[in-house]
Structure formats: structure tokens, C-alpha cells
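Working notes, structure below.
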Number of protein chains: 2
Amino acid sequence: MKIIVLKFGGTSVGSIQRIKKVAKIIKSYSKKYNVIVLSSAMSGTTNKLINMSQKISKNFADNEYDALVSAGEQISCSLLAGQLLSEGIKSRSWMAWQIPILTEGKHKYSRIKYINKTKIYKYLKSGGIPIIAGFQGVDKNLNITTIGRGGSDSSAIMVAKFFKADRCVIYTDVQGIYTTDPNKLISAKKIKNISYEEMLEMASLGSKVMQPHSIQDARLNRINIEVRSSFVNRSGTLITKRKNIVNNKIITGISSTNNDAKVTLLGVRDRPGIAASIFKPLYLNSINVDMVVQNISSDGKETDLTFTIKSYDLNKTKKIIYNNKNINFKKMIFDKNVSKVSIIGVGMITTPGVTFRMFQALAKKNINIQVISTSEIKISVLIKSNNVAKAIKCLHKEFSLEK
Amino acid sequence: MKIIVLKFGGTSVGSIQRIKKVAKIIKSYSKKYNVIVLSSAMSGTTNKLINMSQKISKNFADNEYDALVSAGEQISCSLLAGQLLSEGIKSRSWMAWQIPILTEGKHKYSRIKYINKTKIYKYLKSGGIPIIAGFQGVDKNLNITTIGRGGSDSSAIMVAKFFKADRCVIYTDVQGIYTTDPNKLISAKKIKNISYEEMLEMASLGSKVMQPHSIQDARLNRINIEVRSSFVNRSGTLITKRKNIVNNKIITGISSTNNDAKVTLLGVRDRPGIAASIFKPLYLNSINVDMVVQNISSDGKETDLTFTIKSYDLNKTKKIIYNNKNINFKKMIFDKNVSKVSIIGVGMITTPGVTFRMFQALAKKNINIQVISTSEIKISVLIKSNNVAKAIKCLHKEFSLEK
């Protein structure tokens, strides 16, 4: 019999009523599969616990944070197992330490290293449905750990990996991955199949359905993921390897960001290594530099350097650059009203002219492109924030995503 | 260095503000003692979790109940440890399975069998203050167990036993044990010292400060318990062995109940074994029969039988007796407006005339005694509920408890 992993997010188990609904979904799989369930905490619980810890101290200890917040999954999993039991279905909750799910790395940001399969296998063979607490683990000294916010997806994918599951279904409050954010464009369409690589770009470029590192874990372990809704019974989006996908579209989706800031250093004294001397201290302060553009200096002495960062890093960035005695520049200017719009698709590898079509479509709508950055399967442009809606609309049409 | 066990109840850690206060109390002991802390869940948490489980099913599975409610102590303990850490004090939370605290018996009603001291000793020696989750344990298969409501007191007493603690301090929301309920008699006085035996009678007769089985655990293990308030800094009540107490009072305290019901069977056909045939089915249905009185039948053929039960058991009791074909009686009458008032004191063992003084004091106030029951150190009488306040007042005065 094949194993399937079902993961339910916070809103999916956000109330007793929702838990009863989720039990029905689990039951619908249990005739065809050996089901392993992963559950997040009920929506709101984790935030409530974090708020309490913040009232204790802004620097609440990381190990106690892990002990604190992991109580949330203990609650949701025992309620869900209790619901199944009350319907006469063999089930029980499993905390990470009971399995155990071993993690390595620092508290709050641990990674799953190993999952002991013995007990869960035995339990599956006895006909039980294990409800495993997502997001949590134990280290080798039996300390409770967590694997970062949104980590229940990662838990599910690692369980799917260790148990060689046929598929991992991520139940959430959206119906799947869309060609672009349906809140921003009404004609956005649900994507049937998407490759890991495209999904990674979508995720890291602003689609919030799944965390990039979960998708990366799935990609590395070749685990088929289906993202679908626990609220409506419709097929979702399958995230799978490229060769499983028959797709006649050049572009799979469009994503956009809304908290970028642009920094421009004017009149930078140009010398070898100048970029490194600017970006190294930013890197050391955990500031992520995204797009970078450097104008060629006409006289070979001075240059203008433009880069983007997250807008919440702007004040820190300013301070670091002003205090950096290794660089000389005439003026620093900022713009917080910028956004990055990206088109993503494996189809562009084999199709020439995609860049041109994108730029032309934007030009026709009088949208000025400030910075450009590309990879094998995506093209990103930085534009004024108030142009984002217009840009998404015209690009969605240009690449026939509404069909 | 001596070990002290401090236990904090739900109201003592009922808010972040309270947790900060409790951290101060813990600190005040840490110079003189190796401190081990036991904590209950924040007040309200356990009830909220139980309510959720009840919405799932009135017969929510016992093992998942244990997993569910034990999350409450995980939250309070990690918050308390986080508070101490934020003040620069070495501390950490310890769940039962991390120690482990091994239990035996059924889920929801387990008993602590063994506490492994290795890790906690090591942690104490390193200068840390362990914050141990009360109320919870693990069985030998690593299932989470709980030891019944109010079980955190038991946890604290068992920790005190295994670690040979100098004392176990139960911090709660009252200042100690009183000669009678201060809500019922304003002149009630805090008792400085009370024996385990007296405390057991007080507890099982209606003083709600501690559960009888916790006191029994303390008595069997000769652990000195101090009950005091975490809200005001005043010495509380010491519960200790009889020979530690120098007491010139005959009576230590007065307790009363307020949910008793009296059942009288009139004209019961008298024959050997009739009492057993009435009470056995009640016992089998977990109905606790308290006081019993049987009139001698003048003709040897019929008798009247009176007994008391908890009023919430009355309907069940009626049904059981009506359906019992082994007994013949003419009429069954009930009274829910009765209460049991008891005087308790080891002093009565060596002092004659206590019973007489009690009855006389009540008679002077025209309070009619319906049923009497006595033990070595207590005398209980059943009276009309509307006479309870008057009875407590006159008995409190009769035995000079206000002094």
C-alpha cells in the first residue's frame, strides 16, 4: 500500500469545526493510502504564544521559545486525533520527541536531520493514522527545537522523503498556485502543474503559498507536492519535476514584491573591489541585496551604483554605508516606492524574444524599467510601485496566462 | 546545600505580570537553597483546552486528553524559564518526558511511580533553576500522561520526595489554611501549623486548598508543606507531622460542605445484608455514600435508612434504587437542602467531652442535627443548609478558634 502525507496549515485546523472537516478529508484518503498527517498549530495560537514571550522580553531565549511555541502543534494534533478517534478511526498524535524527529542547528532555525521510522511504520501497519506535529523536532540532547516559521511544510516534505511517500498534499486556505496574485488580478488562473524551479522562483519572488526552502527540499528529494484547499474540494496545483510537465506556455506565472527599496550611490570613486567593499558589510549584517546595477564610468574615475534591498533594511543600510570609511561617494539617494515584477517560466529557455516582448509590453503602457535582473527561467524588472497592477495586467495578457 | 521545591498554581502564573512576580519569589530563595520549581498551567488554559475537547466529543479519548492538556504546563513553564533567563538567571523548562517523570496507571488518572534524578541533579549542580511541568508524566511507552486535576500539587510533593527536599512550598491564591472558610466567617484565623491527618480531614471535608491525595502523599513521605500566597508576602500554614506541632487547641478547624443530598428509605423490609444490597449498586456506579444512619426497627420487620450522597448524584441514585428489585421499601424521600459541618482536631483524642460541647453549642442555637458521623479526629453533623453559617459561627466561638 502506498503512503501519502497530508499536511494541514493553521487556517485548515483553525477551529473545532475546521478540525471536523479535516477529519473528513483524511478519511477520504484512508481507503486508498496509508495516511500520515502533519498538522500546524491552530491559526492564531502561535502568534498568541509569541506575543506572550515578547511581553516577557524582546530577547526571549530561543530554547524556551521553541518549547513555548511547539505547544501549539501539541494542541492541534491531539484535538485532530481525538476527532478521528471519536469517529471510530484508529489515530493518535505524535510529538516530534516521541518519534523522534531529530534536528540539527540552532534553536528557532533548526533543520530536520533524521526521522526514525520504526514506531510510525509499526503504527501504520497496525492500521493507525498518525497525526504528527509539524514545525517541531528534538536535538540529540532531547531539547525541543523548531524549524522556523512556516516550517510545517518542511516537516511534511521531510516525512514524505523518509517514508518514501507517493505524494505530499499541502492543504491550505488557497486553491493552489496562480499565474499571478488573484487579489491583484481578477483574471489570474490556477496553474495545474508547475516545476520545482518555477515554484522556487515564484516563492522567492513574492508568492506566499510555500516557503522557498520547503520547495527546495522537495526538489532535492523529488517529492511530488500538491497544493490545494481544505475549504473547497477542487484539485490544486501539482509541483513536480520538469519532465513530468507538458506545457505549451512560455511563461508560467507572474509575481511581484511590495517592500523593496532602491539605493543609489552617486559619484562612487571607481576602483577594483569597490562593489565588494560596499556589499560585504551589508552581507555581514544579514541585509540581502537583490538587484544590482553599476553604470560604466565615462572617465574611469567615478561610477553610479544602484541596488535594491528590503525596505525594512533601509535605515540599517544607510547607517552602514555612511559609516563605511572604505568607500567614497558624492551622494546617496533612496526610493521606497519601487516594486519588482517578474515573469517566470521554463518555456523561456527554448523560446527567444521573451525579454523583448516583456519590455515592449511595459513600454506600450508607459511603464519605465529602472533595473533589470534575469536568470535562466525568470526576468525581473524594478518599476514604480504605482505601476505594478498595470504591469501585471499587461504581462498576463501578453503571455496569454488568462487562457 | 538544601533543596527546596516551590510549586506555583494556575492563578499564581495566570498572566505575564504574575509570572514576573513569581520570578521574584523564586529569586528570593535562590541564595539559600537549590530551588526546583513546579508550575501549573496559567489559570484558564486547562479549562479552555478541555472545552475544545468537549466540543469534539463528550467522550474525548483519554490519551489525547493527556496530550492536549499537558500543553498548558509547557506554555507556563517555558514562559517562566524565559522570564528568569531574561533577568540573567540560569533556568530552563523541563517537560516530564525530558526528565523523565514516569507514571503508572490509566490515562487522566496516572500516578507518579519514579522520577529520574540524574539530569535535574546535574542541572542543579550547574547552578540552574529547573522549571518542571506539573500535572504531567510519561508512561514506559513514552505516552504523555496526566495525574488528575489539581495534580501539580502531587507532582511537587513527589519531586520533593525523590530529591529529599527540605520543604515543599505550595504557592497559591490564598494565604494558607484557615480555621474555617474566611468567606463564610470573617473571624476565621490562619492556622500556623496543622498535622497531615487534620489537613486530610479538612481537605476531604470541603476545604479546597489542596487535594486529599496530595496530602496523603506528603504524609506517607513525611514532607513538610508550606501553603502560602504568591500575591502577598506573609507566612502561610505549615502542614507537618503531628509531633512537630505544639498546639493547645482541642479543635484545629471547622469545615462545611454545600452539595450534599440526604436520601431516606422508609419502611425497608429488614433482613441481614439489606444495607449491602442497597449500597453495592451505588458503589458500582461510582456514587460515593458518605454518612449512613439506620433506625432500629421496633418490630424487627421494617426499618428506616438514611444516607447522604453528593447532590449531583441524586438523580442517578434514585434511578438505581427504584430499579433495584432486591429491596422492598414503602417510600423514598430526599432533601437537597442539607450540609455537613465538621470539627477537626487531633486534640479531641485526649480531650473528653468534645462531642457533648459540639451538640450543646448547636442545640443552644436551635440547630437540629439529622445525622452524625465521627472519626478519631473529627465529628461531622448533617444539618439544614440554612443553618450552616450560624453553626460555624457558634462552633468557632465554642472552641476558641478566633483567638
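By convention here, the chains of the C-alpha cells are called A, B, ... in the order presented, each chain's residues are numbered starting at 1, and ligands are numbered starting at 1 in the order presented.
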Can you superpose chain B onto chain A by least squares over all C-alpha atoms paired in order and give the moved copy as a short mmCIF file (atom, residue, chain, number, x, y, z; two decimals) with C-alpha atoms, in the first residue's frame?
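So the final result, stored in superposed.cif, reads:
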```cif
data_model
loop_
_atom_site.label_atom_id
_atom_site.label_comp_id
_atom_site.auth_asym_id
_atom_site.auth_seq_id
_atom_site.Cartn_x
_atom_site.Cartn_y
_atom_site.Cartn_z
CA MET B 1 -0.36 -0.01 0.06
CA LYS B 2 0.93 3.42 -0.84
CA ILE B 3 1.73 6.10 1.72
CA ILE B 4 0.37 9.60 1.34
CA VAL B 5 1.34 12.57 3.50
CA LEU B 6 -1.34 15.17 4.17
CA LYS B 7 -0.29 18.47 5.70
CA PHE B 8 -2.79 20.94 7.16
CA GLY B 9 -1.86 24.56 7.76
CA GLY B 10 -2.99 26.80 10.58
CA THR B 11 -6.18 28.13 8.97
CA SER B 12 -7.16 24.58 7.95
CA VAL B 13 -7.25 23.57 11.64
CA GLY B 14 -8.12 27.06 12.91
CA SER B 15 -11.27 26.08 14.81
CA ILE B 16 -13.07 23.01 16.11
CA GLN B 17 -15.38 23.24 13.10
CA ARG B 18 -12.34 23.26 10.79
CA ILE B 19 -10.83 20.28 12.61
CA LYS B 20 -14.04 18.33 12.00
CA LYS B 21 -13.81 19.24 8.30
CA VAL B 22 -10.18 18.15 8.15
CA ALA B 23 -11.09 14.80 9.74
CA LYS B 24 -13.50 14.26 6.81
CA ILE B 25 -10.73 15.00 4.31
CA ILE B 26 -8.38 12.56 6.06
CA LYS B 27 -11.08 9.87 5.99
CA SER B 28 -11.55 10.32 2.26
CA TYR B 29 -7.95 9.20 1.67
CA SER B 30 -7.87 6.38 4.20
CA LYS B 31 -9.39 3.73 1.96
CA LYS B 32 -6.84 4.13 -0.80
CA TYR B 33 -3.73 5.05 1.18
CA ASN B 34 -1.80 4.63 4.38
CA VAL B 35 -2.24 8.20 5.56
CA ILE B 36 0.30 10.18 7.57
CA VAL B 37 -0.93 13.58 8.71
CA LEU B 38 1.18 16.60 9.61
CA SER B 39 -0.51 19.53 11.30
CA SER B 40 0.42 23.11 12.04
CA ALA B 41 -0.81 24.92 15.15
CA MET B 42 -4.31 26.40 15.00
CA SER B 43 -4.09 29.81 13.30
CA GLY B 44 -3.38 32.53 15.84
CA THR B 45 -1.88 30.21 18.47
CA THR B 46 1.75 30.60 17.44
CA ASN B 47 1.46 34.39 17.24
CA LYS B 48 -0.22 34.51 20.65
CA LEU B 49 2.61 32.46 22.18
CA ILE B 50 5.27 34.61 20.50
CA ASN B 51 3.56 37.78 21.76
CA MET B 52 3.73 36.44 25.30
CA SER B 53 7.43 35.68 24.93
CA GLN B 54 8.01 39.20 23.59
CA LYS B 55 6.33 40.64 26.67
CA ILE B 56 8.85 38.71 28.76
CA SER B 57 11.81 39.92 26.73
CA LYS B 58 12.63 41.17 23.26
CA ASN B 59 15.52 38.70 23.44
CA PHE B 60 13.53 35.73 24.68
CA ALA B 61 15.88 32.71 24.81
CA ASP B 62 15.80 30.61 21.63
CA ASN B 63 15.63 27.22 23.38
CA GLU B 64 12.63 28.30 25.49
CA TYR B 65 11.05 29.84 22.39
CA ASP B 66 11.15 26.40 20.81
CA ALA B 67 9.62 24.75 23.91
CA LEU B 68 6.97 27.46 24.02
CA VAL B 69 5.75 27.59 20.44
CA SER B 70 5.84 23.81 19.89
CA ALA B 71 2.99 23.60 22.41
CA GLY B 72 0.80 24.95 19.60
CA GLU B 73 1.17 21.83 17.45
CA GLN B 74 0.67 19.61 20.50
CA ILE B 75 -2.75 21.20 20.95
CA SER B 76 -3.87 20.97 17.31
CA CYS B 77 -2.61 17.40 16.82
CA SER B 78 -4.25 16.02 19.96
CA LEU B 79 -7.53 17.71 19.06
CA LEU B 80 -7.41 16.30 15.52
CA ALA B 81 -6.55 12.78 16.73
CA GLY B 82 -9.34 13.09 19.32
CA GLN B 83 -11.77 14.03 16.55
CA LEU B 84 -10.84 10.99 14.44
CA LEU B 85 -11.06 8.72 17.50
CA SER B 86 -14.52 10.07 18.29
CA GLU B 87 -15.55 8.97 14.78
CA GLY B 88 -14.25 5.47 15.46
CA ILE B 89 -11.06 5.86 13.42
CA LYS B 90 -7.82 4.62 14.94
CA SER B 91 -5.56 7.63 15.30
CA ARG B 92 -3.14 9.24 17.70
CA SER B 93 -1.04 12.36 18.02
CA TRP B 94 2.75 12.07 17.73
CA MET B 95 5.05 14.74 19.04
CA ALA B 96 8.47 14.97 17.39
CA TRP B 97 10.24 13.52 20.46
CA GLN B 98 7.96 10.49 20.49
CA ILE B 99 8.97 9.41 16.98
CA PRO B 100 11.67 10.91 17.16
CA ILE B 101 12.25 13.52 14.46
CA LEU B 102 15.89 14.45 14.94
CA THR B 103 17.10 17.90 14.01
CA GLU B 104 20.46 19.61 13.80
CA GLY B 105 21.48 23.23 13.84
CA LYS B 106 20.52 26.14 16.01
CA HIS B 107 17.32 26.55 18.01
CA LYS B 108 14.52 28.31 16.08
CA TYR B 109 16.24 27.48 12.78
CA SER B 110 16.91 23.74 13.06
CA ARG B 111 16.78 21.38 10.09
CA ILE B 112 15.40 17.84 10.09
CA LYS B 113 18.28 15.38 9.89
CA TYR B 114 16.68 12.03 10.48
CA ILE B 115 13.25 10.56 11.13
CA ASN B 116 13.07 7.22 12.91
CA LYS B 117 10.49 5.20 10.99
CA THR B 118 10.07 2.23 13.34
CA LYS B 119 7.17 3.37 15.52
CA ILE B 120 5.20 5.13 12.79
CA TYR B 121 5.55 2.15 10.42
CA LYS B 122 4.32 -0.16 13.15
CA TYR B 123 1.46 2.19 13.85
CA LEU B 124 0.53 2.41 10.14
CA LYS B 125 0.60 -1.38 9.88
CA SER B 126 -1.79 -1.60 12.82
CA GLY B 127 -4.24 0.49 10.78
CA GLY B 128 -3.74 3.74 12.65
CA ILE B 129 -3.54 7.25 11.23
CA PRO B 130 -0.64 9.12 12.87
CA ILE B 131 -1.13 12.85 13.39
CA ILE B 132 2.41 14.22 13.55
CA ALA B 133 3.22 17.63 14.98
CA GLY B 134 4.76 19.77 12.25
CA PHE B 135 7.36 22.47 12.80
CA GLN B 136 9.02 20.70 15.75
CA GLY B 137 11.87 18.29 16.38
CA VAL B 138 14.30 17.18 19.07
CA ASP B 139 18.06 17.44 19.05
CA LYS B 140 20.30 14.61 20.21
CA ASN B 141 20.11 15.86 23.83
CA LEU B 142 16.28 15.71 23.79
CA ASN B 143 15.90 19.48 23.64
CA ILE B 144 12.78 20.61 21.80
CA THR B 145 13.66 22.39 18.55
CA THR B 146 11.69 24.12 15.81
CA ILE B 147 12.51 24.47 12.17
CA GLY B 148 11.55 28.07 11.51
CA ARG B 149 8.22 29.69 10.75
CA GLY B 150 6.19 27.94 8.11
CA GLY B 151 8.30 24.91 8.94
CA SER B 152 5.37 22.51 8.96
CA ASP B 153 5.68 22.32 5.16
CA SER B 154 9.27 21.22 5.58
CA SER B 155 8.20 18.66 8.20
CA ALA B 156 5.67 17.22 5.76
CA ILE B 157 8.16 17.03 2.91
CA MET B 158 10.81 15.36 5.08
CA VAL B 159 8.25 12.84 6.35
CA ALA B 160 7.28 12.17 2.72
CA LYS B 161 10.95 11.65 1.93
CA PHE B 162 11.75 9.27 4.78
CA PHE B 163 8.57 7.24 4.29
CA LYS B 164 8.92 7.27 0.48
CA ALA B 165 5.42 8.67 0.19
CA ASP B 166 3.61 8.60 -3.10
CA ARG B 167 2.67 12.24 -2.72
CA CYS B 168 2.62 15.09 -0.23
CA VAL B 169 -0.59 17.11 -0.21
CA ILE B 170 -0.31 20.59 1.32
CA TYR B 171 -3.79 21.65 2.44
CA THR B 172 -4.02 25.39 2.86
CA ASP B 173 -6.45 28.30 2.53
CA VAL B 174 -5.82 28.93 -1.18
CA GLN B 175 -6.79 26.63 -4.03
CA GLY B 176 -3.32 26.30 -5.47
CA ILE B 177 -0.62 28.28 -7.20
CA TYR B 178 -1.91 30.98 -9.54
CA THR B 179 -0.41 32.55 -12.65
CA THR B 180 -0.26 35.71 -10.56
CA ASP B 181 -1.76 36.96 -7.28
CA PRO B 182 -5.56 36.69 -7.73
CA ASN B 183 -5.94 39.64 -5.36
CA LYS B 184 -4.05 41.77 -7.84
CA LEU B 185 -5.46 40.41 -11.10
CA ILE B 186 -8.94 38.96 -11.29
CA SER B 187 -8.16 36.96 -14.46
CA ALA B 188 -5.37 35.04 -12.69
CA LYS B 189 -5.65 31.32 -13.41
CA LYS B 190 -4.83 28.33 -11.23
CA ILE B 191 -1.73 26.50 -12.53
CA LYS B 192 -2.29 22.77 -12.95
CA ASN B 193 1.35 21.72 -12.97
CA ILE B 194 4.48 23.64 -12.13
CA SER B 195 8.12 22.56 -11.93
CA TYR B 196 10.11 22.81 -8.69
CA GLU B 197 12.39 25.37 -10.33
CA GLU B 198 9.56 27.63 -11.40
CA MET B 199 7.90 27.25 -8.01
CA LEU B 200 11.16 28.17 -6.32
CA GLU B 201 11.33 31.38 -8.33
CA MET B 202 7.65 32.11 -7.66
CA ALA B 203 8.15 31.51 -3.93
CA SER B 204 11.27 33.55 -3.51
CA LEU B 205 9.87 36.33 -5.68
CA GLY B 206 6.81 36.96 -3.57
CA SER B 207 4.20 34.20 -3.89
CA LYS B 208 3.57 33.33 -0.28
CA VAL B 209 1.96 29.90 -0.60
CA MET B 210 5.09 27.93 0.29
CA GLN B 211 8.50 28.70 1.77
CA PRO B 212 11.39 28.44 -0.74
CA HIS B 213 13.40 26.00 1.38
CA SER B 214 10.47 23.57 1.59
CA ILE B 215 10.24 23.55 -2.19
CA GLN B 216 13.99 23.06 -2.40
CA ASP B 217 13.70 20.06 -0.02
CA ALA B 218 10.97 18.63 -2.26
CA ARG B 219 13.04 19.23 -5.39
CA LEU B 220 16.12 17.56 -3.99
CA ASN B 221 14.08 14.53 -2.91
CA ARG B 222 11.85 14.44 -6.00
CA ILE B 223 8.63 14.54 -3.96
CA ASN B 224 5.42 15.38 -5.80
CA ILE B 225 3.57 18.10 -3.91
CA GLU B 226 -0.03 18.99 -4.40
CA VAL B 227 -1.11 22.35 -3.02
CA ARG B 228 -4.86 22.57 -2.52
CA SER B 229 -7.57 24.07 -0.35
CA SER B 230 -9.10 22.44 2.72
CA PHE B 231 -12.05 24.80 2.33
CA VAL B 232 -13.27 23.82 -1.15
CA ASN B 233 -13.01 20.40 -2.75
CA ARG B 234 -11.21 21.21 -6.01
CA SER B 235 -7.97 19.87 -7.43
CA GLY B 236 -5.03 22.12 -6.75
CA THR B 237 -1.58 22.62 -8.24
CA LEU B 238 0.94 19.81 -8.65
CA ILE B 239 4.55 20.78 -8.04
CA THR B 240 6.70 18.16 -9.75
CA LYS B 241 9.81 17.58 -11.78
CA ARG B 242 10.14 19.33 -15.11
CA LYS B 243 9.85 16.27 -17.32
CA ASN B 244 6.44 15.40 -15.83
CA ILE B 245 5.05 18.59 -17.19
CA VAL B 246 3.59 18.97 -20.65
CA ASN B 247 3.29 22.69 -21.02
CA ASN B 248 2.92 24.74 -24.13
CA LYS B 249 3.24 28.06 -22.36
CA ILE B 250 6.45 30.05 -22.38
CA ILE B 251 5.65 31.76 -19.08
CA THR B 252 4.10 29.96 -16.12
CA GLY B 253 3.50 32.84 -13.79
CA ILE B 254 4.07 36.43 -12.80
CA SER B 255 5.06 37.52 -9.33
CA SER B 256 5.57 40.86 -7.69
CA THR B 257 6.99 42.24 -4.48
CA ASN B 258 5.79 45.16 -2.44
CA ASN B 259 8.41 46.01 0.10
CA ASP B 260 11.47 46.83 -1.94
CA ALA B 261 13.60 49.93 -1.61
CA LYS B 262 16.07 51.27 -4.15
CA VAL B 263 19.32 52.83 -3.02
CA THR B 264 21.52 54.83 -5.43
CA LEU B 265 25.01 56.04 -4.63
CA LEU B 266 25.96 58.87 -6.95
CA GLY B 267 29.54 59.76 -7.76
CA VAL B 268 31.21 56.75 -6.23
CA ARG B 269 35.01 56.90 -6.57
CA ASP B 270 35.58 53.97 -8.94
CA ARG B 271 38.30 51.49 -8.07
CA PRO B 272 38.62 47.68 -8.11
CA GLY B 273 36.79 46.05 -5.20
CA ILE B 274 34.52 49.04 -4.58
CA ALA B 275 31.32 46.91 -4.90
CA ALA B 276 32.64 44.38 -2.40
CA SER B 277 33.54 47.07 0.12
CA ILE B 278 29.95 48.35 -0.08
CA PHE B 279 28.14 45.02 0.01
CA LYS B 280 30.26 43.08 2.50
CA PRO B 281 29.19 45.09 5.57
CA LEU B 282 25.56 44.80 4.43
CA TYR B 283 25.92 41.03 4.15
CA LEU B 284 27.55 40.88 7.59
CA ASN B 285 24.49 42.69 8.97
CA SER B 286 22.12 40.16 7.35
CA ILE B 287 20.85 42.68 4.82
CA ASN B 288 19.94 40.96 1.62
CA VAL B 289 20.91 42.90 -1.49
CA ASP B 290 18.76 41.83 -4.42
CA MET B 291 19.19 43.64 -7.77
CA VAL B 292 22.40 45.53 -8.52
CA VAL B 293 23.25 47.89 -11.38
CA GLN B 294 26.47 49.82 -11.87
CA ASN B 295 26.85 52.45 -14.58
CA ILE B 296 30.10 52.52 -16.41
CA SER B 297 31.91 55.68 -15.51
CA SER B 298 32.77 57.70 -18.58
CA ASP B 299 35.98 59.13 -17.22
CA GLY B 300 36.97 55.97 -15.34
CA LYS B 301 37.00 57.88 -12.05
CA GLU B 302 33.41 58.00 -10.84
CA THR B 303 30.40 55.71 -11.17
CA ASP B 304 26.75 55.48 -10.01
CA LEU B 305 25.70 52.35 -8.14
CA THR B 306 22.08 51.27 -7.68
CA PHE B 307 20.83 48.31 -5.68
CA THR B 308 17.62 47.11 -4.03
CA ILE B 309 16.99 45.85 -0.52
CA LYS B 310 13.90 45.11 1.57
CA SER B 311 12.39 48.44 2.67
CA TYR B 312 12.51 47.41 6.35
CA ASP B 313 16.33 47.26 6.00
CA LEU B 314 16.60 50.80 4.63
CA ASN B 315 17.47 52.68 7.83
CA LYS B 316 20.04 50.09 8.83
CA THR B 317 21.53 50.25 5.33
CA LYS B 318 21.81 54.04 5.36
CA LYS B 319 23.62 53.94 8.69
CA ILE B 320 26.05 51.26 7.54
CA ILE B 321 26.91 53.12 4.35
CA TYR B 322 27.32 56.53 6.01
CA ASN B 323 29.62 54.96 8.61
CA ASN B 324 31.67 53.11 6.01
CA LYS B 325 34.96 54.93 5.66
CA ASN B 326 36.16 52.73 2.83
CA ILE B 327 33.88 54.30 0.24
CA ASN B 328 33.64 57.80 -1.19
CA PHE B 329 30.49 59.01 -2.89
CA LYS B 330 28.85 62.36 -3.58
CA LYS B 331 25.25 61.64 -2.71
CA MET B 332 22.95 58.79 -1.62
CA ILE B 333 19.33 58.74 -2.83
CA PHE B 334 16.50 56.35 -1.92
CA ASP B 335 13.19 55.26 -3.32
CA LYS B 336 10.76 53.19 -1.28
CA ASN B 337 8.09 53.34 -3.97
CA VAL B 338 9.53 50.62 -6.17
CA SER B 339 8.46 47.04 -6.82
CA LYS B 340 9.94 44.08 -8.60
CA VAL B 341 7.78 42.35 -11.19
CA SER B 342 8.98 39.01 -12.54
CA ILE B 343 7.92 36.61 -15.24
CA ILE B 344 8.80 32.97 -14.60
CA GLY B 345 8.76 29.97 -16.89
CA VAL B 346 10.96 27.07 -18.00
CA GLY B 347 9.62 27.74 -21.48
CA MET B 348 11.84 30.79 -21.87
CA ILE B 349 14.94 28.54 -22.01
CA THR B 350 13.96 27.30 -25.44
CA THR B 351 12.05 30.33 -26.65
CA PRO B 352 13.95 33.37 -27.92
CA GLY B 353 12.61 36.90 -27.64
CA VAL B 354 10.90 36.66 -24.25
CA THR B 355 12.91 39.55 -22.80
CA PHE B 356 12.08 41.70 -25.80
CA ARG B 357 8.36 40.88 -25.57
CA MET B 358 8.33 41.75 -21.86
CA PHE B 359 10.07 45.10 -22.35
CA GLN B 360 7.93 46.00 -25.32
CA ALA B 361 4.70 45.18 -23.48
CA LEU B 362 5.75 47.40 -20.56
CA ALA B 363 6.94 50.18 -22.88
CA LYS B 364 3.58 50.20 -24.66
CA LYS B 365 1.99 51.00 -21.30
CA ASN B 366 4.57 53.72 -20.61
CA ILE B 367 6.07 51.75 -17.73
CA ASN B 368 9.69 52.70 -17.16
CA ILE B 369 12.12 49.91 -16.21
CA GLN B 370 14.67 51.00 -13.59
CA VAL B 371 16.70 47.84 -13.01
CA ILE B 372 16.74 44.44 -14.73
CA SER B 373 17.85 41.08 -13.42
CA THR B 374 17.54 37.70 -15.12
CA SER B 375 18.10 34.01 -14.51
CA GLU B 376 17.64 30.97 -16.73
CA ILE B 377 13.90 30.81 -16.04
CA LYS B 378 12.91 34.30 -14.91
CA ILE B 379 13.19 37.97 -15.84
CA SER B 380 12.70 40.59 -13.14
CA VAL B 381 12.28 44.32 -13.59
CA LEU B 382 12.14 47.09 -11.02
CA ILE B 383 9.38 49.59 -11.68
CA LYS B 384 7.42 52.26 -9.82
CA SER B 385 5.05 50.64 -7.32
CA ASN B 386 2.03 52.43 -8.72
CA ASN B 387 2.67 50.71 -12.06
CA VAL B 388 2.59 47.14 -10.66
CA ALA B 389 -1.08 46.38 -11.31
CA LYS B 390 -0.83 47.71 -14.87
CA ALA B 391 2.38 45.77 -15.48
CA ILE B 392 0.95 42.47 -14.23
CA LYS B 393 -2.15 42.93 -16.33
CA CYS B 394 -0.31 43.62 -19.58
CA LEU B 395 2.26 40.85 -19.04
CA HIS B 396 -0.48 38.36 -18.10
CA LYS B 397 -2.12 39.17 -21.42
CA GLU B 398 1.09 39.29 -23.44
CA PHE B 399 1.98 35.71 -22.43
CA SER B 400 -1.61 34.42 -22.67
CA LEU B 401 -1.77 33.32 -19.04
CA GLU B 402 -5.49 33.95 -18.73
CA LYS B 403 -6.22 31.16 -21.21
#
```
Which parts of segment 108-304 of chain B does DSSP call alpha helix (DSSP H) when run on the backbone here, written out as JSON, numbers by chain?
{"B": [118, 119, 120, 121, 122, 123, 124, 125, 151, 152, 153, 154, 155, 156, 157, 158, 159, 160, 161, 162, 196, 197, 198, 199, 200, 201, 202, 203, 204, 212, 213, 214, 215, 216, 217, 218, 219, 220, 274, 275, 276, 277, 278, 279, 280, 281, 282, 283, 284]}
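For segment 318-402 of chain A, the set of residues given strand (DSSP E) by DSSP on the backbone reads Lys331, Met332, Ile333, Phe334, Asp335, Lys336, Asn337, Val338, Ser339, Lys340, Val341, Ser342, Ile343, Ile344, Val371, Ile372, Ser373, Thr374, Ser375, Lys378, Ile379, Ser380, Val381, Leu382, Ile383 and Lys384 of chain A.
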